[in-house]
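Colleague: I am sharing entry09.pdb, which consists of PDB, C-alpha atoms, pLDDT in the B column:
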```
MODEL        1
ATOM      1  CA  LYS A   1      41.199  -5.932 -18.025  1.00 82.00           C
ATOM      2  CA  GLN A   2      39.697  -2.963 -19.845  1.00 89.00           C
ATOM      3  CA  GLU A   3      37.744  -0.583 -17.598  1.00 94.00           C
ATOM      4  CA  VAL A   4      35.504   2.057 -19.152  1.00 97.00           C
ATOM      5  CA  THR A   5      34.219   4.994 -17.111  1.00 97.00           C
ATOM      6  CA  GLN A   6      31.647   7.586 -18.094  1.00 97.00           C
ATOM      7  CA  ILE A   7      31.217  10.909 -16.369  1.00 93.00           C
ATOM      8  CA  PRO A   8      28.797  12.324 -15.426  1.00 93.00           C
ATOM      9  CA  ALA A   9      26.377   9.505 -14.621  1.00 95.00           C
ATOM     10  CA  ALA A  10      23.445  11.829 -15.208  1.00 97.00           C
ATOM     11  CA  LEU A  11      23.067  15.224 -16.822  1.00 96.00           C
ATOM     12  CA  SER A  12      20.126  17.585 -17.140  1.00 97.00           C
ATOM     13  CA  VAL A  13      20.273  20.558 -19.526  1.00 97.00           C
ATOM     14  CA  PRO A  14      17.829  23.072 -20.999  1.00 98.00           C
ATOM     15  CA  GLU A  15      16.880  22.688 -24.633  1.00 98.00           C
ATOM     16  CA  GLY A  16      19.285  24.348 -27.058  1.00 98.00           C
ATOM     17  CA  GLU A  17      22.369  23.958 -24.910  1.00 97.00           C
ATOM     18  CA  ASN A  18      25.564  22.382 -26.240  1.00 98.00           C
ATOM     19  CA  LEU A  19      26.931  19.577 -24.073  1.00 96.00           C
ATOM     20  CA  VAL A  20      29.841  17.175 -23.723  1.00 97.00           C
ATOM     21  CA  LEU A  21      29.785  13.608 -22.457  1.00 97.00           C
ATOM     22  CA  ASN A  22      33.010  12.015 -21.314  1.00 97.00           C
ATOM     23  CA  CYS A  23      34.360   8.495 -21.609  1.00 98.00           C
ATOM     24  CA  SER A  24      37.690   7.156 -20.353  1.00 98.00           C
ATOM     25  CA  PHE A  25      39.296   3.732 -20.756  1.00 97.00           C
ATOM     26  CA  THR A  26      42.271   2.135 -19.060  1.00 95.00           C
ATOM     27  CA  ASP A  27      43.863   0.100 -21.883  1.00 91.00           C
ATOM     28  CA  SER A  28      44.949   2.337 -24.766  1.00 89.00           C
ATOM     29  CA  ALA A  29      45.470  -0.638 -27.122  1.00 90.00           C
ATOM     30  CA  ILE A  30      41.994  -0.271 -28.522  1.00 92.00           C
ATOM     31  CA  TYR A  31      40.825  -1.281 -31.988  1.00 91.00           C
ATOM     32  CA  ASN A  32      37.922   1.143 -32.157  1.00 93.00           C
ATOM     33  CA  LEU A  33      35.441   3.037 -29.995  1.00 96.00           C
ATOM     34  CA  GLN A  34      31.710   3.226 -30.518  1.00 96.00           C
ATOM     35  CA  TRP A  35      29.107   5.566 -29.022  1.00 98.00           C
ATOM     36  CA  PHE A  36      25.571   4.256 -28.571  1.00 98.00           C
ATOM     37  CA  ARG A  37      22.241   5.681 -27.536  1.00 98.00           C
ATOM     38  CA  GLN A  38      19.770   3.653 -25.450  1.00 97.00           C
ATOM     39  CA  ASP A  39      16.164   4.633 -24.789  1.00 96.00           C
ATOM     40  CA  PRO A  40      14.590   3.187 -21.614  1.00 91.00           C
ATOM     41  CA  GLY A  41      14.101  -0.570 -21.865  1.00 88.00           C
ATOM     42  CA  LYS A  42      15.272  -0.634 -25.485  1.00 91.00           C
ATOM     43  CA  GLY A  43      18.251  -1.866 -27.440  1.00 94.00           C
ATOM     44  CA  LEU A  44      21.291   0.129 -28.479  1.00 96.00           C
ATOM     45  CA  THR A  45      21.446   2.462 -31.463  1.00 96.00           C
ATOM     46  CA  SER A  46      24.905   3.110 -32.852  1.00 96.00           C
ATOM     47  CA  LEU A  47      25.725   6.806 -33.145  1.00 97.00           C
ATOM     48  CA  LEU A  48      29.382   7.021 -34.123  1.00 97.00           C
ATOM     49  CA  LEU A  49      32.286   4.640 -34.665  1.00 96.00           C
ATOM     50  CA  ILE A  50      35.874   5.875 -34.394  1.00 96.00           C
ATOM     51  CA  GLN A  51      38.757   3.684 -35.523  1.00 93.00           C
ATOM     52  CA  SER A  52      41.911   3.787 -33.394  1.00 93.00           C
ATOM     53  CA  SER A  53      43.738   5.648 -36.185  1.00 93.00           C
ATOM     54  CA  GLN A  54      41.125   8.424 -36.298  1.00 95.00           C
ATOM     55  CA  ARG A  55      40.788  11.512 -34.129  1.00 96.00           C
ATOM     56  CA  GLU A  56      37.106  12.302 -34.582  1.00 96.00           C
ATOM     57  CA  GLN A  57      33.865  11.478 -36.350  1.00 97.00           C
ATOM     58  CA  THR A  58      30.848  13.664 -37.029  1.00 97.00           C
ATOM     59  CA  SER A  59      27.220  12.920 -37.754  1.00 96.00           C
ATOM     60  CA  GLY A  60      24.757  15.792 -37.856  1.00 97.00           C
ATOM     61  CA  ARG A  61      24.755  17.518 -34.456  1.00 98.00           C
ATOM     62  CA  LEU A  62      27.040  14.866 -32.960  1.00 98.00           C
ATOM     63  CA  ASN A  63      30.812  14.939 -32.868  1.00 98.00           C
ATOM     64  CA  ALA A  64      32.957  12.334 -31.165  1.00 98.00           C
ATOM     65  CA  SER A  65      36.665  12.708 -30.521  1.00 98.00           C
ATOM     66  CA  LEU A  66      39.250  10.144 -29.539  1.00 97.00           C
ATOM     67  CA  ASP A  67      42.567  10.629 -27.752  1.00 96.00           C
ATOM     68  CA  LYS A  68      43.916   7.111 -27.556  1.00 93.00           C
ATOM     69  CA  SER A  69      47.139   8.014 -25.750  1.00 92.00           C
ATOM     70  CA  SER A  70      45.278   9.569 -22.828  1.00 95.00           C
ATOM     71  CA  GLY A  71      42.482   6.978 -22.918  1.00 96.00           C
ATOM     72  CA  ARG A  72      39.679   9.471 -23.482  1.00 97.00           C
ATOM     73  CA  SER A  73      36.771  10.130 -25.793  1.00 98.00           C
ATOM     74  CA  THR A  74      34.157  12.863 -25.775  1.00 98.00           C
ATOM     75  CA  LEU A  75      30.747  13.053 -27.401  1.00 98.00           C
ATOM     76  CA  TYR A  76      29.682  16.597 -28.220  1.00 98.00           C
ATOM     77  CA  ILE A  77      25.990  17.268 -28.841  1.00 98.00           C
ATOM     78  CA  ALA A  78      25.155  20.626 -30.352  1.00 98.00           C
ATOM     79  CA  ALA A  79      21.872  22.468 -29.865  1.00 98.00           C
ATOM     80  CA  SER A  80      20.318  19.762 -27.691  1.00 98.00           C
ATOM     81  CA  GLN A  81      16.660  18.808 -28.170  1.00 98.00           C
ATOM     82  CA  PRO A  82      14.170  16.977 -25.911  1.00 97.00           C
ATOM     83  CA  GLY A  83      14.382  14.027 -28.318  1.00 97.00           C
ATOM     84  CA  ASP A  84      18.048  13.648 -27.373  1.00 98.00           C
ATOM     85  CA  SER A  85      16.986  12.490 -23.893  1.00 98.00           C
ATOM     86  CA  ALA A  86      18.365   8.967 -23.467  1.00 98.00           C
ATOM     87  CA  THR A  87      21.284   7.079 -21.969  1.00 98.00           C
ATOM     88  CA  TYR A  88      24.518   7.399 -23.916  1.00 98.00           C
ATOM     89  CA  LEU A  89      27.001   4.528 -23.728  1.00 98.00           C
ATOM     90  CA  CYS A  90      30.557   4.376 -24.980  1.00 98.00           C
ATOM     91  CA  ALA A  91      32.276   1.074 -25.683  1.00 97.00           C
ATOM     92  CA  VAL A  92      35.722   0.035 -26.878  1.00 95.00           C
ATOM     93  CA  THR A  93      37.103  -3.071 -28.527  1.00 93.00           C
ATOM     94  CA  LEU A  94      40.659  -4.262 -28.024  1.00 89.00           C
ATOM     95  CA  ARG A  95      43.175  -5.404 -30.624  1.00 82.00           C
ATOM     96  CA  THR A  96      43.489  -8.725 -28.823  1.00 80.00           C
ATOM     97  CA  GLY A  97      40.982 -11.331 -27.767  1.00 78.00           C
ATOM     98  CA  ALA A  98      37.487 -11.636 -29.167  1.00 79.00           C
ATOM     99  CA  ASN A  99      37.255  -8.004 -30.271  1.00 82.00           C
ATOM    100  CA  ASN A 100      34.179  -7.726 -28.038  1.00 90.00           C
ATOM    101  CA  LEU A 101      32.822  -4.469 -26.644  1.00 94.00           C
ATOM    102  CA  PHE A 102      33.723  -3.197 -23.182  1.00 96.00           C
ATOM    103  CA  PHE A 103      31.027  -0.776 -22.035  1.00 97.00           C
ATOM    104  CA  GLY A 104      30.852   2.066 -19.579  1.00 96.00           C
ATOM    105  CA  THR A 105      27.784   2.414 -17.351  1.00 94.00           C
ATOM    106  CA  GLY A 106      26.459   5.299 -19.413  1.00 97.00           C
ATOM    107  CA  THR A 107      25.385   8.908 -18.986  1.00 98.00           C
ATOM    108  CA  ARG A 108      21.659   9.501 -18.609  1.00 97.00           C
ATOM    109  CA  LEU A 109      20.821  12.730 -20.428  1.00 98.00           C
ATOM    110  CA  THR A 110      17.638  14.721 -19.890  1.00 98.00           C
ATOM    111  CA  VAL A 111      16.965  17.728 -22.128  1.00 98.00           C
ATOM    112  CA  ILE A 112      14.336  20.019 -20.594  1.00 98.00           C
ATOM    113  CA  PRO A 113      11.989  21.798 -23.034  1.00 96.00           C
TER     114      PRO A 113
ATOM    115  CA  GLU B 114      18.562  -4.277 -45.426  1.00 55.00           C
ATOM    116  CA  THR B 115      17.082  -5.764 -42.265  1.00 71.00           C
ATOM    117  CA  GLY B 116      18.631  -5.073 -38.893  1.00 91.00           C
ATOM    118  CA  VAL B 117      19.154  -7.397 -35.956  1.00 95.00           C
ATOM    119  CA  THR B 118      15.963  -8.998 -34.699  1.00 96.00           C
ATOM    120  CA  GLN B 119      15.510 -10.759 -31.382  1.00 97.00           C
ATOM    121  CA  SER B 120      12.740 -12.952 -30.034  1.00 97.00           C
ATOM    122  CA  PRO B 121      10.894 -13.032 -27.793  1.00 97.00           C
ATOM    123  CA  THR B 122      10.762  -9.429 -26.580  1.00 97.00           C
ATOM    124  CA  HIS B 123       9.725 -10.357 -23.050  1.00 97.00           C
ATOM    125  CA  LEU B 124       9.867 -13.586 -21.092  1.00 96.00           C
ATOM    126  CA  ILE B 125       9.030 -14.661 -17.555  1.00 98.00           C
ATOM    127  CA  LYS B 126      10.582 -17.876 -16.232  1.00 98.00           C
ATOM    128  CA  THR B 127      10.746 -19.659 -12.901  1.00 98.00           C
ATOM    129  CA  ARG B 128      14.012 -20.207 -11.078  1.00 98.00           C
ATOM    130  CA  GLY B 129      15.591 -23.503 -12.149  1.00 98.00           C
ATOM    131  CA  GLN B 130      14.016 -23.514 -15.616  1.00 98.00           C
ATOM    132  CA  GLN B 131      15.814 -23.290 -18.931  1.00 98.00           C
ATOM    133  CA  VAL B 132      15.387 -20.588 -21.567  1.00 98.00           C
ATOM    134  CA  THR B 133      16.342 -20.101 -25.224  1.00 98.00           C
ATOM    135  CA  LEU B 134      16.642 -16.661 -26.772  1.00 98.00           C
ATOM    136  CA  ARG B 135      16.948 -16.147 -30.513  1.00 98.00           C
ATOM    137  CA  CYS B 136      18.669 -13.626 -32.741  1.00 97.00           C
ATOM    138  CA  SER B 137      18.736 -13.022 -36.478  1.00 95.00           C
ATOM    139  CA  SER B 138      21.806 -11.087 -37.483  1.00 92.00           C
ATOM    140  CA  GLN B 139      21.842  -8.217 -39.932  1.00 89.00           C
ATOM    141  CA  SER B 140      22.108  -9.263 -43.548  1.00 86.00           C
ATOM    142  CA  GLY B 141      25.743  -9.739 -44.568  1.00 84.00           C
ATOM    143  CA  HIS B 142      27.081  -9.978 -40.999  1.00 87.00           C
ATOM    144  CA  ASN B 143      29.106 -13.035 -39.995  1.00 87.00           C
ATOM    145  CA  THR B 144      29.671 -12.443 -36.272  1.00 91.00           C
ATOM    146  CA  VAL B 145      27.127 -12.575 -33.477  1.00 93.00           C
ATOM    147  CA  SER B 146      27.681 -11.544 -29.871  1.00 95.00           C
ATOM    148  CA  TRP B 147      25.468 -11.717 -26.812  1.00 97.00           C
ATOM    149  CA  TYR B 148      25.433  -9.262 -23.926  1.00 98.00           C
ATOM    150  CA  GLN B 149      23.643  -9.151 -20.575  1.00 98.00           C
ATOM    151  CA  GLN B 150      22.523  -5.794 -19.252  1.00 97.00           C
ATOM    152  CA  ALA B 151      21.338  -5.549 -15.665  1.00 96.00           C
ATOM    153  CA  LEU B 152      19.243  -2.562 -14.664  1.00 93.00           C
ATOM    154  CA  GLY B 153      21.312   0.618 -14.504  1.00 91.00           C
ATOM    155  CA  GLN B 154      24.473  -1.081 -15.777  1.00 94.00           C
ATOM    156  CA  GLY B 155      26.350  -1.225 -19.038  1.00 95.00           C
ATOM    157  CA  PRO B 156      26.058  -4.413 -21.097  1.00 97.00           C
ATOM    158  CA  GLN B 157      28.395  -7.259 -20.156  1.00 97.00           C
ATOM    159  CA  PHE B 158      29.869  -9.567 -22.790  1.00 96.00           C
ATOM    160  CA  ILE B 159      28.649 -13.174 -22.622  1.00 97.00           C
ATOM    161  CA  PHE B 160      30.171 -14.754 -25.746  1.00 95.00           C
ATOM    162  CA  GLN B 161      30.729 -14.308 -29.451  1.00 93.00           C
ATOM    163  CA  TYR B 162      30.410 -16.572 -32.479  1.00 92.00           C
ATOM    164  CA  TYR B 163      32.342 -16.171 -35.689  1.00 88.00           C
ATOM    165  CA  ARG B 164      31.625 -18.547 -38.564  1.00 85.00           C
ATOM    166  CA  GLU B 165      29.686 -20.891 -36.234  1.00 89.00           C
ATOM    167  CA  GLU B 166      32.540 -21.226 -33.721  1.00 90.00           C
ATOM    168  CA  GLU B 167      32.700 -19.616 -30.289  1.00 91.00           C
ATOM    169  CA  ASN B 168      35.668 -17.244 -30.472  1.00 88.00           C
ATOM    170  CA  GLY B 169      35.420 -15.452 -27.150  1.00 91.00           C
ATOM    171  CA  ARG B 170      33.655 -15.639 -23.835  1.00 94.00           C
ATOM    172  CA  GLY B 171      33.139 -13.286 -20.935  1.00 94.00           C
ATOM    173  CA  ASN B 172      32.948 -14.125 -17.255  1.00 95.00           C
ATOM    174  CA  PHE B 173      29.783 -16.213 -17.397  1.00 97.00           C
ATOM    175  CA  PRO B 174      29.301 -19.787 -16.123  1.00 97.00           C
ATOM    176  CA  PRO B 175      28.912 -22.778 -18.469  1.00 97.00           C
ATOM    177  CA  ARG B 176      25.141 -22.817 -17.967  1.00 98.00           C
ATOM    178  CA  PHE B 177      25.174 -19.962 -20.475  1.00 98.00           C
ATOM    179  CA  SER B 178      25.673 -21.569 -23.878  1.00 97.00           C
ATOM    180  CA  GLY B 179      25.028 -20.670 -27.464  1.00 96.00           C
ATOM    181  CA  LEU B 180      24.944 -21.629 -31.095  1.00 95.00           C
ATOM    182  CA  GLN B 181      25.422 -19.918 -34.413  1.00 94.00           C
ATOM    183  CA  PHE B 182      23.768 -21.382 -37.475  1.00 93.00           C
ATOM    184  CA  PRO B 183      24.970 -21.419 -41.105  1.00 91.00           C
ATOM    185  CA  ASN B 184      22.723 -18.418 -41.871  1.00 87.00           C
ATOM    186  CA  TYR B 185      24.543 -16.589 -39.011  1.00 87.00           C
ATOM    187  CA  SER B 186      21.476 -16.502 -36.758  1.00 92.00           C
ATOM    188  CA  SER B 187      22.121 -17.455 -33.154  1.00 96.00           C
ATOM    189  CA  GLU B 188      20.647 -18.816 -29.950  1.00 97.00           C
ATOM    190  CA  LEU B 189      21.501 -18.125 -26.335  1.00 98.00           C
ATOM    191  CA  ASN B 190      20.574 -20.881 -23.902  1.00 98.00           C
ATOM    192  CA  VAL B 191      20.567 -20.465 -20.149  1.00 98.00           C
ATOM    193  CA  ASN B 192      20.086 -23.503 -17.908  1.00 98.00           C
ATOM    194  CA  ALA B 193      19.153 -23.627 -14.227  1.00 98.00           C
ATOM    195  CA  LEU B 194      17.921 -20.045 -14.179  1.00 98.00           C
ATOM    196  CA  GLU B 195      18.729 -17.929 -11.139  1.00 98.00           C
ATOM    197  CA  LEU B 196      17.044 -14.754  -9.933  1.00 98.00           C
ATOM    198  CA  ASP B 197      20.175 -12.769 -10.866  1.00 97.00           C
ATOM    199  CA  ASP B 198      19.757 -13.811 -14.489  1.00 98.00           C
ATOM    200  CA  SER B 199      16.912 -11.300 -14.737  1.00 98.00           C
ATOM    201  CA  ALA B 200      18.186  -8.744 -17.243  1.00 97.00           C
ATOM    202  CA  LEU B 201      17.945  -7.375 -20.762  1.00 97.00           C
ATOM    203  CA  TYR B 202      19.746  -9.722 -23.163  1.00 98.00           C
ATOM    204  CA  LEU B 203      21.158  -8.006 -26.213  1.00 98.00           C
ATOM    205  CA  CYS B 204      22.318  -9.560 -29.428  1.00 97.00           C
ATOM    206  CA  ALA B 205      24.771  -7.739 -31.681  1.00 96.00           C
ATOM    207  CA  SER B 206      26.030  -8.598 -35.123  1.00 93.00           C
ATOM    208  CA  SER B 207      28.951  -7.351 -37.143  1.00 91.00           C
ATOM    209  CA  LEU B 208      30.848  -7.918 -40.332  1.00 86.00           C
ATOM    210  CA  SER B 209      34.277  -9.044 -39.239  1.00 77.00           C
ATOM    211  CA  PRO B 210      36.787  -9.353 -42.048  1.00 67.00           C
ATOM    212  CA  GLY B 211      39.569 -11.515 -40.677  1.00 64.00           C
ATOM    213  CA  GLY B 212      37.751 -11.703 -37.354  1.00 63.00           C
ATOM    214  CA  PHE B 213      38.016  -7.996 -36.513  1.00 70.00           C
ATOM    215  CA  THR B 214      34.944  -5.801 -36.100  1.00 75.00           C
ATOM    216  CA  TYR B 215      36.198  -2.960 -38.258  1.00 76.00           C
ATOM    217  CA  TYR B 216      32.682  -1.792 -39.057  1.00 82.00           C
ATOM    218  CA  GLY B 217      31.392  -1.817 -35.486  1.00 89.00           C
ATOM    219  CA  TYR B 218      28.391  -3.594 -34.032  1.00 92.00           C
ATOM    220  CA  THR B 219      24.647  -3.406 -34.725  1.00 93.00           C
ATOM    221  CA  PHE B 220      22.359  -4.283 -31.833  1.00 96.00           C
ATOM    222  CA  GLY B 221      18.882  -5.736 -31.628  1.00 96.00           C
ATOM    223  CA  SER B 222      16.136  -4.431 -29.367  1.00 96.00           C
ATOM    224  CA  GLY B 223      16.788  -7.068 -26.732  1.00 97.00           C
ATOM    225  CA  THR B 224      14.868  -9.686 -24.789  1.00 98.00           C
ATOM    226  CA  ARG B 225      13.738  -8.745 -21.296  1.00 97.00           C
ATOM    227  CA  LEU B 226      14.045 -11.876 -19.115  1.00 98.00           C
ATOM    228  CA  THR B 227      12.458 -11.939 -15.689  1.00 98.00           C
ATOM    229  CA  VAL B 228      13.193 -14.876 -13.394  1.00 98.00           C
ATOM    230  CA  VAL B 229      10.775 -15.333 -10.493  1.00 98.00           C
TER     231      VAL B 229
ENDMDL
END
```
Mind turning this structure into structure tokens?
Modeller:
Amino acid sequence: KQEVTQIPAALSVPEGENLVLNCSFTDSAIYNLQWFRQDPGKGLTSLLLIQSSQREQTSGRLNASLDKSSGRSTLYIAASQPGDSATYLCAVTLRTGANNLFFGTGTRLTVIP
Amino acid sequence: ETGVTQSPTHLIKTRGQQVTLRCSSQSGHNTVSWYQQALGQGPQFIFQYYREEENGRGNFPPRFSGLQFPNYSSELNVNALELDDSALYLCASSLSPGGFTYYGYTFGSGTRLTVV
């Protein structure tokens, strides 16, 4: 069974700081990995999607990397802003089965003005 | 292009009752999945429908059931509600050529279900 772990569980940084969120998964036979943002009580907003054949994806101030062999992904946020405060979730799909998402428990980020 | 829409946004039910949650998938998407998210946890996979057939199910009892309609919208039905069913229920849609979610998932805003 795929297990996804996110460290740290919570992170508080001053505005303007660069930061890294970590995600690890136990089964390296993934199909793709997706990073999401979730505001309190809301749904999920997709940030980045990385296919298993890719090493990284970038969107604006966000950069996500994938090392499938070691079962790790990182989400790098540059020049953090208070509006970045949210919970960040990573999720993987496998090449077998229903291709459903396996989620970590998330990292709750607070950016202090 | 419309995104994924879910209704209702909030719902309060009594233990033992039945509930139906609804989801309209994003235009052009042919796969719908449902997830349950308890407070402080990551979403857990309930089941997935591809071309109106259930093609995967998580570790949820049979009282959780669903449907996908020809327009790819979907329903989640939960019978005999229990207090532990209180959660945020998320619907996600995707375009799955050959059954694989190459383009990733798009989520709705969720339905907050409270069972009292």
Colleague: Name the residues that the PyMOL selection byres ((chain A and resi 77) around 9) pulls out of this structure, and write them as an MDAnalysis selection string.
Modeller: chainID A and resid 17:21 61:64 75:76 78:80 84
Colleague: Using only C-alpha atoms, please write the residues we just selected to a file, as a short mmCIF file (atom, residue, chain, number, x, y, z; two decimals), in the frame of the given file.
Modeller:
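What follows is the written file again-v7.cif:
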```cif
data_model
loop_
_atom_site.label_atom_id
_atom_site.label_comp_id
_atom_site.auth_asym_id
_atom_site.auth_seq_id
_atom_site.Cartn_x
_atom_site.Cartn_y
_atom_site.Cartn_z
CA GLU A 17 22.37 23.96 -24.91
CA ASN A 18 25.56 22.38 -26.24
CA LEU A 19 26.93 19.58 -24.07
CA VAL A 20 29.84 17.18 -23.72
CA LEU A 21 29.78 13.61 -22.46
CA ARG A 61 24.76 17.52 -34.46
CA LEU A 62 27.04 14.87 -32.96
CA ASN A 63 30.81 14.94 -32.87
CA ALA A 64 32.96 12.33 -31.16
CA LEU A 75 30.75 13.05 -27.40
CA TYR A 76 29.68 16.60 -28.22
CA ALA A 78 25.16 20.63 -30.35
CA ALA A 79 21.87 22.47 -29.86
CA SER A 80 20.32 19.76 -27.69
CA ASP A 84 18.05 13.65 -27.37
#
```
Colleague: Can you work out the spacing between atom CA of B:Gln181 and atom CA of A:Ala91 in Å, to one decimal?
Modeller: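 Separating atom CA of B:Gln181 from atom CA of A:Ala91 is a distance of 23.7 Å.
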Colleague: Show which residues sit within 12 Å of A:Leu49, as a VMD selection string. Count all atoms listed in the file, and ignore same-chain residues fewer than 6 positions away.
Modeller: (chain A and resid 31 to 36 55 to 59 62 to 66 73 75 90 to 93) or (chain B and resid 214 to 219)
Colleague: When distances are computed from all atoms listed in the file, which of B:Lys126, B:Val117, B:Ser138, B:Val228 shows the smallest separation from chain A?
Modeller: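 Counting all atoms listed in the file, the residue closest to chain A is B:Val117.
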Colleague: Could you put an axis-aligned box around every listed atom of stretch 149-163 of chain B, padded by 8 Å on each side, and send me its centre and edge lengths in Å to one decimal, as AutoDock Vina command-line options?
Modeller:
```
--center_x 25.8 --center_y -8.0 --center_z -25.1 --size_x 29.1 --size_y 33.2 --size_z 37.2
```
Colleague: Using only C-alpha atoms, which chain B residues lie at most 9 Å away from chain A, written as number ranges by chain?
Modeller: B: 146, 153-158, 160-161, 168-170, 201, 203-204, 212-225
Colleague: The residues within 7 Å of (30.0, -12.4, -16.1), using all atoms listed in the file and the coordinates of the file, should be reported as a list in words; which are they?
Modeller: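 Protein, DNA and RNA residues close to (30.0, -12.4, -16.1): Gln157, Ile159, Gly171, Asn172 and Phe173 of chain B.
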Colleague: Would you pick out the contacts of B:Thr133 at 10 Å or less, using all atoms listed in the file, so that residues sharing its chain but fewer than 3 positions from it are not included, and give the list as an MDAnalysis selection string?
Modeller: chainID B and resid 120:121 178:179 188:192
Colleague: Atom CA of B:Leu194 to atom CA of B:Ile125: how many Å, to one decimal?
Modeller: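 Rounded to one decimal, the two atoms are 10.9 Å apart.
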Colleague: Quick one: which residues end up in the PyMOL selection byres ((chain A and resi 23-28) around 6) for this structure, as a list in words?
Modeller: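 Given this file, the PyMOL selection byres ((chain A and resi 23-28) around 6) evaluates to Gln2, Glu3, Val4, Thr5, Gln6, Asn22, Ala29, Ile30, Lys68, Gly71, Arg72 and Ser73 of chain A.
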Colleague: Which residues come within 12 Å of B:Thr227, counting all atoms listed in the file, excluding same-chain residues fewer than 3 positions away, as an MDAnalysis selection string?
Modeller: chainID B and resid 122:128 130 132 151:152 194:202 224
Colleague: Please expand the PyMOL selection byres ((chain A and resi 12) around 6) into the concrete residues it hits in this file, giving the result as a PDB file with C-alpha atoms, in the frame of the given file.
Modeller:
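Writing done, so here's expr04.pdb:
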```
ATOM      1  CA  LEU A  11      23.067  15.224 -16.822  1.00 96.00           C
ATOM      2  CA  VAL A  13      20.273  20.558 -19.526  1.00 97.00           C
ATOM      3  CA  LEU A 109      20.821  12.730 -20.428  1.00 98.00           C
ATOM      4  CA  THR A 110      17.638  14.721 -19.890  1.00 98.00           C
ATOM      5  CA  VAL A 111      16.965  17.728 -22.128  1.00 98.00           C
TER       6      VAL A 111
END
```
Colleague: Between atom CA of B:Phe182 and atom CA of A:Arg37, what is the distance, to one decimal in Å?
Modeller: 28.9 Å
